[in-house]
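**Q** The structure's right below; bear with me while I get my questions together.
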Amino acid sequence: MLDAAQLNGIQDPDIKRVVQQLASLLEQALTEVDTLRAENQRLKDEINRLKGEQGKPNVKPNKPAGTAQDQAETSADHSSEAKRKQPKPRTKGSKNDQIVITRTEPLPLDPATLPEDAVFKGYERVIVQNLILQPDNVCFERATYYSPSTGLTYLAPLPPGYDGQFGPDLKALILSLHHLGNVSQPALHTLLTHAGVHISTGWIGDFLISGQAGFHQEKHDIGLAGLASSPPKVIWGPRQQTDETATRVKGVNQHCHVLVNPLYTTYTTLPKKDKRTVLSVLQNGVPLSFRLTPEVLASEAVCKFPQKVQKVLRTWPQDTPQDEAQVLTLLATTLPTLGAQAQKTLLDQMAVAGYQAQTQVPVVSLLLCEDAPQFPGLTPDLGLCWVHDGRHYQKLVPHLPCYRTILDAFQEKYWDYYDPRLAYREHPTPEQRQVLWDAFDTLFEPNTEYAALDFRIQQTRDNKDKLLAVLFHPEIPLHNNASELAVRRRVRKRDVSFGPRSAAGVAAWDTFQTIAATAQKLGVSFLAYVSDRVSGRNEMPSLASVITERAREMNLGASWA
């Protein structure tokens, strides 16, 4: 096979150009063969499935050994963490300092077992953690009175939280095990019955999704406080991060959208992941408003409409908030022949204008996300994840050695460019910003002689403004890891429980995952918080108020990064 040294050793430029063209064609052909083989295997598996048989088992290979190139060829892991990771000194704090002692038990020694000259020197402390799980079945004897004058019976009230046949501590444990520990409902039932609780699977299932209005309101409040928690742009630059993953609802594919900043995480499961769906997430569920503004009429998408359509649009109410039903009525009466795709484009543009003009929820100024078509235009600024972009280069697996050498050399330069931007975030200066801005053009010059790499480089080059958003907003990270970690929580939940079966189940998943993830970020015990709410004590401050207070403290001087 042709390697880089052999290719560079060709002296005749014409011969070298022909060899390069042949090598490029061979690389493309080999890549296409791999693609067709994979597609052929998928079709075989589908045919076998339709016949009632099984397809090729998905057996993961052993962890590859040897060079990085060997690993790239045999592993589907496209992570760039090894290239990005910086060694940090590891310090381990004292665990005992964090443990709350609930009881102290002296352990004496029998003097008869000691030498006669043994002298008492005090006690040596040994801390042992333990957890007791046992029934606490209470029989409440409620005082009962009857009044002949009123004809009414009066009963002593049960303590707060003791409604129904199960107490607040058990309910809090069920919620914590299911939503924090990802314990499935059947496993919950097995554990509780073995612990001596007489409980049915039906009651567990109903409790997990019903009667949780208070928690649903807390989820809504967390979303509002989180959106408002971005500091003012004049100080740090408001930002949010978002991502999505699949969630099957009653066997139908839907999408779980996460919205994240350092203080909170919200989960919202919706049927779609288009532009208006993302806007609905950014508005925390507040119904969308639609506005036809001069900016919408002048947008590139609307300017592609026929002139007669644009003329009709100019007769519509200008810069006036409307709901979707009103806009659809206008379309039906004034533009009945407008195509479905054109209607969608118009509604999307009007929804964005409505979002940016509304005052019910804070408007996000910068959104850090992946490179997907639903995100551009939603917010004034958009940041793209550098790690997502780098993953595309990790996926390139050239067959010819000369292209492997070219790709390895480029990837080394790629991640060498990563570290200076990390340093820039700590000490941003206009001079360094210009240096990094210019260095981008030098690095991403599509003239590597490897066609697949050149194509990918051009894709990155087209996203320069978004990938370099950190130069103008040093407070944002270079990656979208925070939202990906939030997505991973839903994936783990999905692996255990497959998916909710009803709208109430969807709401429960979203609400309790929001509370669990946000509590973790704020350093609040989910079990203690849920127990406080279920018991009716309500002594702990709401997570929304904690977010607001932490944001105020951060605005006074702490960095968001």
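Residues in the structure tokens are named by chain (A, B, ... in the order shown) and by number from 1 within that chain; ligands are numbered from 1 in the order shown.
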Among segment 231-402 of chain A, which residues does DSSP mark as strand (DSSP E) when it is run on the backbone? Keep the chain and numbering as in the structure and answer as number ranges by chain.
**A** A: 240-249, 252-261, 264-270, 366-369, 381-384
**Q** Residues of the last selection are to be written out with C-alpha atoms, as a PDB file, in the first residue's frame.
**A**
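Once written, again.pdb looks like this:
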ATOM      1  CA  GLN A 240     -27.799  27.719  28.223  1.00  0.00           C
ATOM      2  CA  GLN A 241     -26.894  24.289  26.853  1.00  0.00           C
ATOM      3  CA  THR A 242     -29.258  21.838  25.203  1.00  0.00           C
ATOM      4  CA  ASP A 243     -29.311  18.328  23.785  1.00  0.00           C
ATOM      5  CA  GLU A 244     -31.870  15.595  23.167  1.00  0.00           C
ATOM      6  CA  THR A 245     -32.228  11.822  23.199  1.00  0.00           C
ATOM      7  CA  ALA A 246     -34.910   9.358  22.245  1.00  0.00           C
ATOM      8  CA  THR A 247     -37.621   8.225  24.662  1.00  0.00           C
ATOM      9  CA  ARG A 248     -40.287   5.716  23.642  1.00  0.00           C
ATOM     10  CA  VAL A 249     -43.731   6.624  24.944  1.00  0.00           C
ATOM     11  CA  VAL A 252     -43.787   5.423  19.945  1.00  0.00           C
ATOM     12  CA  ASN A 253     -40.513   7.297  19.521  1.00  0.00           C
ATOM     13  CA  GLN A 254     -40.433  10.744  21.112  1.00  0.00           C
ATOM     14  CA  HIS A 255     -37.603  13.063  22.118  1.00  0.00           C
ATOM     15  CA  CYS A 256     -36.372  14.075  25.571  1.00  0.00           C
ATOM     16  CA  HIS A 257     -34.932  17.599  25.492  1.00  0.00           C
ATOM     17  CA  VAL A 258     -32.548  18.705  28.230  1.00  0.00           C
ATOM     18  CA  LEU A 259     -31.811  22.328  29.099  1.00  0.00           C
ATOM     19  CA  VAL A 260     -28.753  22.921  31.250  1.00  0.00           C
ATOM     20  CA  ASN A 261     -26.579  25.497  32.922  1.00  0.00           C
ATOM     21  CA  TYR A 264     -29.987  23.312  36.986  1.00  0.00           C
ATOM     22  CA  THR A 265     -31.126  20.690  34.467  1.00  0.00           C
ATOM     23  CA  THR A 266     -34.620  20.240  33.064  1.00  0.00           C
ATOM     24  CA  TYR A 267     -36.060  17.309  31.116  1.00  0.00           C
ATOM     25  CA  THR A 268     -38.938  17.769  28.679  1.00  0.00           C
ATOM     26  CA  THR A 269     -40.239  14.893  26.546  1.00  0.00           C
ATOM     27  CA  LEU A 270     -42.084  15.925  23.389  1.00  0.00           C
ATOM     28  CA  LEU A 366     -26.582  32.271  23.699  1.00  0.00           C
ATOM     29  CA  LEU A 367     -27.363  28.602  23.182  1.00  0.00           C
ATOM     30  CA  LEU A 368     -24.613  25.983  23.220  1.00  0.00           C
ATOM     31  CA  CYS A 369     -25.726  22.950  21.232  1.00  0.00           C
ATOM     32  CA  ASP A 381     -25.730  33.874  19.495  1.00  0.00           C
ATOM     33  CA  LEU A 382     -25.089  30.175  18.944  1.00  0.00           C
ATOM     34  CA  GLY A 383     -22.150  28.119  20.157  1.00  0.00           C
ATOM     35  CA  LEU A 384     -21.181  24.711  18.818  1.00  0.00           C
TER      36      LEU A 384
END
**Q** Leaving out segment 447-459 of chain A and any residue of its chain fewer than 4 positions from it, which residues lie within 7 Å of it when counting only C-alpha atoms, given as a ChimeraX atom specification?
**A** /A:24,403,463
**Q** Please list as a list in words every residue within 8 Å of Leu471 of chain A, counting only C-alpha atoms and excluding residues in the same chain fewer than 5 positions away.
**A**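 Answer for this query is Arg421, Tyr424, Arg425, Pro428 and Arg433 of chain A.
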**Q** Excluding Ser299 of chain A and its own-chain neighbours fewer than 4 positions away, which residues fall within 12 Å of it when counting only C-alpha atoms? Please give them as an MDAnalysis selection string.
**A** chainID A and resid 292:295 303:305 310 345:346 348:350 352:353 377
**Q** Can you spit out the residues from that selection as a PDB file, in the first residue's frame, using C-alpha atoms?
**A**
ATOM      1  CA  LEU A 292     -44.970  38.687  11.651  1.00  0.00           C
ATOM      2  CA  THR A 293     -42.258  41.316  11.899  1.00  0.00           C
ATOM      3  CA  PRO A 294     -40.283  43.281   9.273  1.00  0.00           C
ATOM      4  CA  GLU A 295     -37.339  41.012  10.084  1.00  0.00           C
ATOM      5  CA  CYS A 303     -37.835  36.172   0.479  1.00  0.00           C
ATOM      6  CA  LYS A 304     -37.750  32.875  -1.447  1.00  0.00           C
ATOM      7  CA  PHE A 305     -41.556  32.790  -1.440  1.00  0.00           C
ATOM      8  CA  GLN A 310     -45.058  38.015   0.013  1.00  0.00           C
ATOM      9  CA  THR A 345     -41.029  27.727   7.285  1.00  0.00           C
ATOM     10  CA  LEU A 346     -43.296  30.728   7.856  1.00  0.00           C
ATOM     11  CA  ASP A 348     -41.027  28.715  12.349  1.00  0.00           C
ATOM     12  CA  GLN A 349     -39.896  32.238  11.476  1.00  0.00           C
ATOM     13  CA  MET A 350     -42.900  33.807  13.192  1.00  0.00           C
ATOM     14  CA  VAL A 352     -38.812  32.701  16.630  1.00  0.00           C
ATOM     15  CA  ALA A 353     -39.884  36.345  16.372  1.00  0.00           C
ATOM     16  CA  GLY A 377     -31.762  31.506  14.414  1.00  0.00           C
TER      17      GLY A 377
END
**Q** Take atom CA of Phe140 of chain A and atom CA of Phe166 of chain A and report the distance between them in Å, one decimal.
**A**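 Atom CA of Phe166 of chain A lies 12.3 Å from atom CA of Phe140 of chain A.
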**Q** List the spatial neighbours of Gln21 of chain A as a list in words - criterion: any atom at most 12 Å away, only C-alpha atoms, same-chain residues fewer than 5 positions off excluded.
**A**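 Result of the neighbour search: Leu7, Asp14, Ile15, Lys16, Leu26, Glu27, Gln28, Glu449, Tyr450 and Ala451 of chain A.
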**Q** Find the residues near Tyr123 of chain A: any atom within 12 Å, counting only C-alpha atoms, skip ones fewer than 2 places away on the same chain, and give them as an mmCIF file with N, CA and C atoms, in the first residue's frame.
**A**
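Output contents, as saved in around11.cif:
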data_model
loop_
_atom_site.group_PDB
_atom_site.id
_atom_site.type_symbol
_atom_site.label_atom_id
_atom_site.label_comp_id
_atom_site.auth_asym_id
_atom_site.auth_seq_id
_atom_site.Cartn_x
_atom_site.Cartn_y
_atom_site.Cartn_z
ATOM 1 N N THR A 104 -22.959 7.423 69.484
ATOM 2 C CA THR A 104 -21.605 7.012 69.907
ATOM 3 C C THR A 104 -21.719 5.872 70.906
ATOM 4 N N GLU A 105 -21.017 4.813 70.664
ATOM 5 C CA GLU A 105 -21.105 3.628 71.524
ATOM 6 C C GLU A 105 -19.713 3.249 72.037
ATOM 7 N N PRO A 106 -19.443 3.498 73.332
ATOM 8 C CA PRO A 106 -18.136 3.108 73.899
ATOM 9 C C PRO A 106 -17.988 1.585 73.895
ATOM 10 N N LEU A 107 -16.794 1.102 73.655
ATOM 11 C CA LEU A 107 -16.501 -0.326 73.681
ATOM 12 C C LEU A 107 -15.434 -0.571 74.765
ATOM 13 N N PRO A 108 -15.852 -0.992 75.955
ATOM 14 C CA PRO A 108 -14.882 -1.194 77.059
ATOM 15 C C PRO A 108 -14.111 -2.502 76.900
ATOM 16 N N LEU A 109 -13.025 -2.574 77.584
ATOM 17 C CA LEU A 109 -12.243 -3.805 77.661
ATOM 18 C C LEU A 109 -12.376 -4.383 79.074
ATOM 19 N N PHE A 120 -5.102 3.064 81.224
ATOM 20 C CA PHE A 120 -6.133 3.545 80.292
ATOM 21 C C PHE A 120 -5.651 4.814 79.585
ATOM 22 N N LYS A 121 -5.692 4.830 78.281
ATOM 23 C CA LYS A 121 -5.209 5.954 77.473
ATOM 24 C C LYS A 121 -6.318 6.624 76.654
ATOM 25 N N ARG A 125 -11.187 6.270 67.911
ATOM 26 C CA ARG A 125 -12.452 6.414 67.170
ATOM 27 C C ARG A 125 -12.417 5.584 65.876
ATOM 28 N N VAL A 126 -13.453 4.793 65.685
ATOM 29 C CA VAL A 126 -13.666 4.040 64.446
ATOM 30 C C VAL A 126 -15.092 4.315 63.984
#
